[in-house]
Amino acid sequence: GAVVSQHPSRVICKSGTSVKIECRSLDFQATTMFWYRQFPKQSLMLMATSNEGSKATYEQGVEKDKFLINHASLTLSTLTVTSAHPEDSSFYICSASRAPGVTDTQYFGPGTRLTVL
Amino acid sequence: GENVEQHPSTLSVQEGDSAVIKCTYSDSASNYFPWYKQELGKGPQLIIDIRSNVGEKKDQRIAVTLNKTAKHFSLHITETQPEDSAVYFCAASFGFGNEKLTFGTGTRLTIIP
């Protein structure tokens with residue numbers, strides 16, 4: 001149990017275009033989902049926390065108008081990188097946790113490699 | 001905010017030997033400490049976690065110890081195997097209602113056959 005999927009696994013886009021990444025909890029309901037960014041050989045940096053049906057909470061320094069997060073259901077959250085530029089190239093990883101009070105364990109997706117040309 | 005330090009950054013051990021990775025945290029309010037294993041090009045996989053009400057937890061070849069007074073916790077892998085080679089991350093959070101994880105910087109573990 002506790003499987004999280006991401007789609008796509010890899011995406012290459014031209015500078016200036018927008019890219020949407022989906023994160024799904026396959027066998028549990030995720031009240032809270034998290035989006036991370038990871039540069040090569042570095043740790044995971046939290047970008048934002050999203051709760052189903054409410055606005056995402058962004059970490060300091062993360063542009064909310066550039067990284068649009070939608071958590072429309074208990075099994076799906078999306079991250080849209082708007083007007084992508086080469087510096088947005090990175091490994092984006094989502095995680096999900098079950099309803100509060102059940103467990104706070106975060107289960108991670110397999111990640112999405114974004115390359116902006 | 002919380003700060004988690006992790007050592008060593010790289011670790012090489014002979015197959016069959018034990019590996020130990022250590023983390024320290026700054027916020028005494030943190031009460032949940034998971035360990036993740038990340039293989040190249042993949043997302044982190046939870047391998048073991050511990051809460052502040054226990055001092056040690058074991059799952060087959062993997063164990064985690066927690067010293068709340070000193071604010072440090074450690075991952076122990078015994079009888080290491082080549083498939084244990086990966087990057088390991090420790091993390092800390094307040095848990096239950098504030099699940100934001102603060103990650104350590106990672107340890108690249110290499111098992112030498």
# chains A, B, ... in the order shown; residues from 1 in each chain; ligands from 1
>>> residues_around(residues="B:Pro34", least_positions_apart="6", cutoff="6 Å", atoms="only C-alpha atoms", output="list of chain:residue names")
B:Ile48, B:Asp49, B:Ala91
>>> residues_around(residues="B:Gly55", least_positions_apart="2", cutoff="12 Å", atoms="only C-alpha atoms", output="list in words")
Asn31, Tyr32, Phe33, Asp49, Ile50, Arg51, Ser52, Asn53, Lys57, Lys58, Ala63, Val64, Thr65, Leu66, Asn67, Lys68, Thr69, Lys71, His72, Phe73 and Ser74 of chain B
>>> closest_residue(among="A:Gly109, A:Ser25, A:Ser43, A:Ser15", to="B:Arg108", atoms="only C-alpha atoms")
A:Ser43
>>> residues_around(residues="stretch 84-87 of chain B", least_positions_apart="5", cutoff="9 Å", atoms="only C-alpha atoms", output="list in words")
Thr10, Tyr36, Lys37, Gln38, Glu39, Leu40, Pro44, Ile77, Gly106, Thr107, Arg108, Leu109, Thr110, Ile111 and Ile112 of chain B
>>> closest_atom_pairs(of="chain A", to="chain B", cutoff="9 Å", atoms="only C-alpha atoms", output="tab-separated table")
residue	atom	partner	partner_atom	distance
A:Thr32	CA	B:Glu99	CA	8.9
A:Phe34	CA	B:Lys100	CA	8.3
A:Lys41	CA	B:Gly106	CA	8.6
A:Gln42	CA	B:Thr105	CA	6.7
A:Ser43	CA	B:Thr105	CA	5.1
A:Leu44	CA	B:Phe103	CA	6.7
A:Met45	CA	B:Phe103	CA	7.9
A:Leu46	CA	B:Leu101	CA	8.1
A:Thr49	CA	B:Lys100	CA	7.9
A:Phe91	CA	B:Gly41	CA	8.5
A:Ile93	CA	B:Gly43	CA	6.6
A:Cys94	CA	B:Gly43	CA	8.5
A:Ser97	CA	B:Glu99	CA	8.4
A:Pro100	CA	B:Gly97	CA	5.9
A:Gly101	CA	B:Phe96	CA	5.9
A:Val102	CA	B:Phe96	CA	8.2
A:Thr103	CA	B:Phe96	CA	7.0
A:Asp104	CA	B:Phe96	CA	5.6
A:Thr105	CA	B:Pro34	CA	7.9
A:Gln106	CA	B:Leu46	CA	8.0
A:Tyr107	CA	B:Leu46	CA	7.0
A:Phe108	CA	B:Pro44	CA	6.0
A:Gly109	CA	B:Gly43	CA	5.6
A:Pro110	CA	B:Gly43	CA	4.1
A:Gly111	CA	B:Gly43	CA	5.3
A:Thr112	CA	B:Lys42	CA	8.9
A:Arg113	CA	B:Gly41	CA	8.4
>>> select_by_dssp(residues="chain B", states="strand (DSSP E or B)", output="PyMOL selection string")
chain B and resi 4-7+10-14+19-25+32-38+45-51+56-59+62-67+72-77+86-93+102-103+107-112
>>> residues_around(residues="B:Glu79", least_positions_apart="5", cutoff="9 Å", atoms="only C-alpha atoms", output="list in words")
Glu15, Gly16, Asp17, Ser18, Ala19 and Arg61 of chain B
>>> write_last_selection(atoms="all heavy atoms", output="mmCIF file, in the first residue's frame")
data_model
loop_
_atom_site.group_PDB
_atom_site.id
_atom_site.type_symbol
_atom_site.label_atom_id
_atom_site.label_comp_id
_atom_site.auth_asym_id
_atom_site.auth_seq_id
_atom_site.Cartn_x
_atom_site.Cartn_y
_atom_site.Cartn_z
ATOM 1 N N GLU B 15 31.104 -5.313 1.682
ATOM 2 C CA GLU B 15 29.899 -6.120 1.758
ATOM 3 C C GLU B 15 29.946 -7.012 2.994
ATOM 4 O O GLU B 15 30.967 -7.643 3.287
ATOM 5 C CB GLU B 15 29.770 -6.973 0.493
ATOM 6 C CG GLU B 15 28.534 -7.841 0.456
ATOM 7 C CD GLU B 15 28.437 -8.633 -0.843
ATOM 8 O OE1 GLU B 15 29.290 -8.431 -1.733
ATOM 9 O OE2 GLU B 15 27.504 -9.446 -0.960
ATOM 10 N N GLY B 16 28.845 -7.025 3.721
ATOM 11 C CA GLY B 16 28.771 -7.827 4.931
ATOM 12 C C GLY B 16 29.058 -7.049 6.198
ATOM 13 O O GLY B 16 28.661 -7.471 7.295
ATOM 14 N N ASP B 17 29.747 -5.909 6.052
ATOM 15 C CA ASP B 17 30.010 -5.068 7.220
ATOM 16 C C ASP B 17 28.800 -4.195 7.529
ATOM 17 O O ASP B 17 27.818 -4.187 6.785
ATOM 18 C CB ASP B 17 31.244 -4.194 6.977
ATOM 19 C CG ASP B 17 32.535 -5.001 6.992
ATOM 20 O OD1 ASP B 17 32.476 -6.199 7.384
ATOM 21 O OD2 ASP B 17 33.581 -4.443 6.599
ATOM 22 N N SER B 18 28.891 -3.463 8.629
ATOM 23 C CA SER B 18 27.803 -2.575 9.036
ATOM 24 C C SER B 18 28.077 -1.140 8.605
ATOM 25 O O SER B 18 29.228 -0.738 8.446
ATOM 26 C CB SER B 18 27.621 -2.624 10.559
ATOM 27 O OG SER B 18 27.237 -3.917 10.982
ATOM 28 N N ALA B 19 27.001 -0.402 8.412
ATOM 29 C CA ALA B 19 27.102 1.020 8.061
ATOM 30 C C ALA B 19 26.269 1.824 9.054
ATOM 31 O O ALA B 19 25.169 1.402 9.435
ATOM 32 C CB ALA B 19 26.597 1.261 6.648
ATOM 33 N N ARG B 61 17.467 -5.979 8.851
ATOM 34 C CA ARG B 61 18.868 -5.519 8.909
ATOM 35 C C ARG B 61 18.996 -4.032 9.209
ATOM 36 O O ARG B 61 20.120 -3.508 9.303
ATOM 37 C CB ARG B 61 19.561 -5.819 7.570
ATOM 38 C CG ARG B 61 19.647 -7.287 7.213
ATOM 39 C CD ARG B 61 20.496 -7.499 5.954
ATOM 40 N NE ARG B 61 19.909 -6.865 4.775
ATOM 41 C CZ ARG B 61 20.395 -5.785 4.170
ATOM 42 N NH1 ARG B 61 21.488 -5.181 4.628
ATOM 43 N NH2 ARG B 61 19.804 -5.292 3.092
#
